[in-house]
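Novice: One file: entry.txt (compact mmCIF, C-alpha atoms).
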```
# COMPACT_ATOMS: atom_id res chain seq x y z
CA MET A 28 92.26 75.61 59.31
CA LYS A 29 94.53 74.17 61.96
CA ASN A 30 96.73 71.18 61.03
CA PHE A 31 95.46 67.86 62.34
CA SER A 32 98.15 65.40 63.43
CA PHE A 33 98.22 61.64 63.87
CA LYS A 34 98.72 62.21 67.58
CA GLN A 35 95.47 64.16 67.75
CA TYR A 36 93.69 61.51 65.67
CA PHE A 37 94.81 58.71 67.97
CA HIS A 38 93.92 60.74 71.05
CA LEU A 39 90.40 61.43 69.76
CA SER A 40 89.88 57.90 68.49
CA ARG A 41 90.87 56.45 71.87
CA LEU A 42 88.65 58.99 73.61
CA LEU A 43 85.69 57.82 71.51
CA GLY A 44 86.53 54.16 72.17
CA LEU A 45 88.34 53.03 69.00
CA THR A 46 91.17 50.82 70.21
CA ALA A 47 94.37 49.71 68.50
CA LYS A 48 92.99 46.17 68.58
CA ASN A 49 89.87 47.30 66.67
CA GLU A 50 92.01 49.07 64.07
CA THR A 51 94.30 46.06 63.68
CA ILE A 52 91.42 43.60 63.25
CA LEU A 53 89.68 45.86 60.75
CA LEU A 54 92.86 46.34 58.73
CA GLY A 55 93.56 42.59 58.84
CA LEU A 56 90.09 41.84 57.50
CA ILE A 57 90.47 44.52 54.82
CA VAL A 58 93.88 43.22 53.70
CA SER A 59 92.61 39.62 53.65
CA ALA A 60 89.56 40.54 51.58
CA THR A 61 91.66 42.59 49.19
CA PHE A 62 94.29 39.84 48.85
CA PHE A 63 91.75 37.15 47.99
CA GLU A 64 89.88 39.44 45.63
CA SER A 65 93.07 40.19 43.75
CA ILE A 66 93.85 36.48 43.42
CA GLY A 67 90.29 35.71 42.32
CA LEU A 68 90.38 38.42 39.67
CA ALA A 69 93.93 37.53 38.62
CA MET A 70 92.71 34.00 37.87
CA PHE A 71 90.78 35.36 34.88
CA LEU A 72 94.04 35.82 32.99
CA PRO A 73 95.05 32.13 33.25
CA ILE A 74 91.51 31.17 32.26
CA ALA A 75 91.74 33.31 29.12
CA GLU A 76 95.24 32.01 28.31
CA PHE A 77 94.10 28.42 28.88
CA ILE A 78 91.20 28.91 26.44
CA GLN A 79 93.44 30.61 23.83
CA SER A 80 95.98 27.79 23.99
CA ASN A 81 93.26 25.13 23.67
CA GLY A 82 94.29 23.62 26.99
CA ASP A 83 98.01 23.23 26.19
CA VAL A 84 99.31 23.50 29.77
CA ALA A 85 102.80 22.30 28.82
CA GLY A 86 103.15 25.06 26.21
CA LEU A 87 101.90 27.69 28.65
CA GLN A 88 104.27 26.42 31.31
CA GLU A 89 107.28 26.70 28.98
CA ASN A 90 106.48 30.30 28.01
CA SER A 91 105.57 31.72 31.41
CA LYS A 92 107.02 31.61 34.91
CA PHE A 93 103.54 32.39 36.22
CA TRP A 94 102.17 29.26 34.59
CA ALA A 95 105.11 27.23 35.91
CA GLY A 96 104.19 28.39 39.42
CA LEU A 97 100.49 27.74 38.80
CA VAL A 98 101.20 24.21 37.59
CA ALA A 99 103.46 23.57 40.60
CA PHE A 100 100.70 24.81 42.92
CA PHE A 101 98.07 22.55 41.38
CA ASP A 102 100.53 19.62 41.31
CA PHE A 103 101.09 20.19 45.03
CA LEU A 104 97.32 19.88 45.50
CA HIS A 105 97.29 16.79 43.22
CA VAL A 106 94.81 18.46 40.87
CA SER A 107 95.18 18.54 37.11
CA ILE A 108 94.58 21.89 35.43
CA THR A 109 91.36 22.03 33.44
CA LEU A 110 89.04 24.87 32.55
CA PRO A 111 86.49 23.94 35.24
CA VAL A 112 89.28 23.75 37.84
CA LEU A 113 90.52 27.23 36.90
CA ILE A 114 87.00 28.67 37.00
CA LEU A 115 86.24 27.02 40.34
CA SER A 116 89.56 28.28 41.73
CA SER A 117 88.68 31.83 40.75
CA PHE A 118 85.19 31.42 42.24
CA PHE A 119 86.69 29.99 45.44
CA PHE A 120 89.03 32.96 45.94
CA ILE A 121 86.22 35.44 45.29
CA LEU A 122 84.03 33.51 47.75
CA VAL A 123 86.77 33.69 50.41
CA ARG A 124 87.02 37.42 49.71
CA GLN A 125 83.27 37.74 50.35
CA PHE A 126 83.71 35.92 53.66
CA PHE A 127 86.33 38.44 54.80
CA SER A 128 84.34 41.41 53.46
CA TYR A 129 81.21 40.27 55.29
CA HIS A 130 83.06 39.82 58.57
CA ARG A 131 84.81 43.18 58.13
CA GLN A 132 81.48 44.93 57.69
CA LEU A 133 79.95 43.04 60.61
CA TYR A 134 82.91 43.85 62.86
CA PHE A 135 82.97 47.50 61.73
CA GLN A 136 79.29 47.94 62.56
CA ARG A 137 79.76 46.28 65.95
CA VAL A 138 82.68 48.60 66.77
CA PHE A 139 80.82 51.67 65.44
CA HIS A 140 77.70 50.98 67.53
CA ARG A 141 79.70 50.11 70.63
CA MET A 142 81.62 53.38 70.33
CA THR A 143 78.35 55.28 69.90
CA GLN A 144 76.70 53.59 72.87
CA GLN A 145 79.67 54.05 75.21
CA THR A 146 80.12 57.71 74.27
CA ARG A 147 76.40 58.43 74.69
CA CYS A 148 76.50 56.84 78.13
CA LYS A 149 79.48 59.02 79.09
CA LEU A 150 77.78 62.13 77.74
CA SER A 151 74.52 61.33 79.54
CA GLU A 152 76.34 60.78 82.80
CA ALA A 153 78.27 64.05 82.39
CA TYR A 154 75.04 65.89 81.57
CA LEU A 155 73.27 64.50 84.63
CA ASN A 156 76.24 65.32 86.87
CA ALA A 157 76.63 68.88 85.54
CA ASP A 158 75.83 71.73 87.91
CA ALA A 159 72.70 73.85 87.64
CA THR A 160 74.40 76.78 85.89
CA TYR A 161 75.27 74.55 82.93
CA HIS A 162 71.66 73.34 82.68
CA ASP A 163 70.38 76.91 82.85
CA LYS A 164 72.52 78.20 79.99
CA GLU A 165 72.48 75.12 77.68
CA ARG A 166 69.53 74.45 75.40
CA THR A 167 68.10 70.93 75.73
CA GLY A 168 67.83 70.58 71.96
CA GLY A 169 71.52 71.37 71.60
CA VAL A 170 72.46 68.58 74.01
CA VAL A 171 70.18 66.10 72.25
CA ASN A 172 71.62 67.13 68.86
CA SER A 173 75.16 66.69 70.17
CA MET A 174 74.37 63.23 71.56
CA THR A 175 72.72 62.00 68.37
CA THR A 176 73.69 63.68 65.12
CA GLU A 177 77.00 65.27 66.07
CA LEU A 178 78.27 62.17 67.88
CA THR A 179 77.47 59.96 64.90
CA LEU A 180 79.31 62.37 62.59
CA ALA A 181 82.31 62.47 64.95
CA ILE A 182 82.57 58.68 65.04
CA GLN A 183 82.25 58.52 61.26
CA ALA A 184 85.08 61.06 61.00
CA ILE A 185 87.25 58.97 63.34
CA THR A 186 86.61 55.73 61.44
CA SER A 187 86.90 57.23 57.94
CA PRO A 188 90.74 57.09 57.82
CA ILE A 189 90.53 53.32 58.27
CA MET A 190 88.08 53.10 55.38
CA MET A 191 90.25 55.38 53.23
CA LEU A 192 93.24 53.15 53.97
CA SER A 193 91.21 50.16 52.85
CA TYR A 194 90.50 51.86 49.50
CA VAL A 195 94.20 52.62 49.09
CA LEU A 196 95.02 48.95 49.74
CA ILE A 197 92.44 47.86 47.16
CA ILE A 198 94.02 50.17 44.59
CA LEU A 199 97.53 48.91 45.40
CA PHE A 200 96.57 45.23 45.13
```
Show me this structure written as structure tokens.

Specialist:
Amino acid sequence: MKNFSFKQYFHLSRLLGLTAKNETILLGLIVSATFFESIGLAMFLPIAEFIQSNGDVAGLQENSKFWAGLVAFFDFLHVSITLPVLILSSFFFILVRQFFSYHRQLYFQRVFHRMTQQTRCKLSEAYLNADATYHDKERTGGVVNSMTTELTLAIQAITSPIMMLSYVLIILF
């Protein structure tokens, strides 16, 4: 199998209509969702520590730099640290993560369908403008298959590196 380079990937992705702006927005939404998910999940540790210490925030603050930062953050917001506040904070960050995940999926589907529509229009125009010898030798079913199934698979292949990068970011966070 021939090596596939980033240059070839970018050339094919631009040919199919995936722009740098689309990639940047998708990655931004992915990073935002991952960031807020990690904060929301990380809040479970302070909740457990708060319960184990029977609500002794001063003792937790003395023993941990993390708790000192958490107390400073909540003091900045003028909110005292209680169990309901910690639980609601965790819920809030997970809710914000869902907002970004929803908009990422919505944007991804919009980009995917736009790419499919534009490429099908280009292929249809090229097919209609082809000379008679092409039409004589090409099977109609092959053209239809290329414009439906094969095109969808090609666009999925072009967008899959972005999705793989999102999974890598989730693992890293």

Novice: Counting only C-alpha atoms, which residue out of A:Ser107, A:Thr175, A:Ser59, A:Asn156 sits closest to A:Gly82?

Specialist: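 Closest residue, counting only C-alpha atoms: A:Ser107.
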
Novice: Residues within 10 Å of A:Phe62, please, as a PyMOL selection string. Count all atoms listed in the file; anything in the same chain fewer than 4 positions from it doesn't count.

Specialist: chain A and resi 56-58+66-67+120-121+123-124+196-197+200

Novice: Which is closest to A:Thr61 among A:Val171, A:Ser128, A:Arg137, A:Lys149, if we use all atoms listed in the file?

Specialist: A:Ser128

Novice: Would you mind reading off the distance between atom CA of A:Phe135 and atom CA of A:Tyr36, one decimal, in Å?

Specialist: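 Atom-to-atom, atom CA of A:Phe135 to atom CA of A:Tyr36, that is 18.1 Å.
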
Novice: Between A:Ser173, A:Ser116, A:Asn30, A:Ser40, which residue has the minimum interatomic distance to A:Leu97, considering all atoms listed in the file?

Specialist: A:Ser116

Novice: What box, with edges along x, y and z, holds each listed atom of stretch 120-138 of chain A when 5 Å is added on every side, and can you state its centre and edge lengths in Å to one decimal, as JSON?

Specialist:
```
{"center_x": 84.2, "center_y": 40.8, "center_z": 56.0, "size_x": 19.7, "size_y": 25.6, "size_z": 31.5}
```

Novice: Find the residues around A:Leu54 up to 8 Å (all atoms listed in the file counted), leave out those fewer than 4 positions away in its own chain, and share them as a ChimeraX atom specification.

Specialist: /A:50,58,189,193

Novice: Residues around (97.2, 20.3, 37.4), cut-off 12 Å, counting all atoms listed in the file - what are they as a list in words?

Specialist: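 Taken together, the residues in range are Gly82, Asp83, Val84, Ala85, Gln88, Trp94, Ala95, Gly96, Leu97, Val98, Ala99, Phe100, Phe101, Asp102, Phe103, Leu104, His105, Val106, Ser107, Ile108, Thr109, Leu110, Pro111, Val112, Leu113 and Ser116 of chain A.
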
Novice: Quick one: everything within 8 Å of A:Leu39, counting all atoms listed in the file, minus sequence neighbours fewer than 4 positions away in the same chain. Send it as a VMD selection string.

Specialist: chain A and resid 35 43 185

Novice: Could you list, as number ranges by chain, every residue within 12 Å of A:Leu53, counting all atoms listed in the file and ignoring same-chain residues fewer than 5 positions away?

Specialist: A: 45-48, 58-60, 127-139, 186, 188-190, 192-193
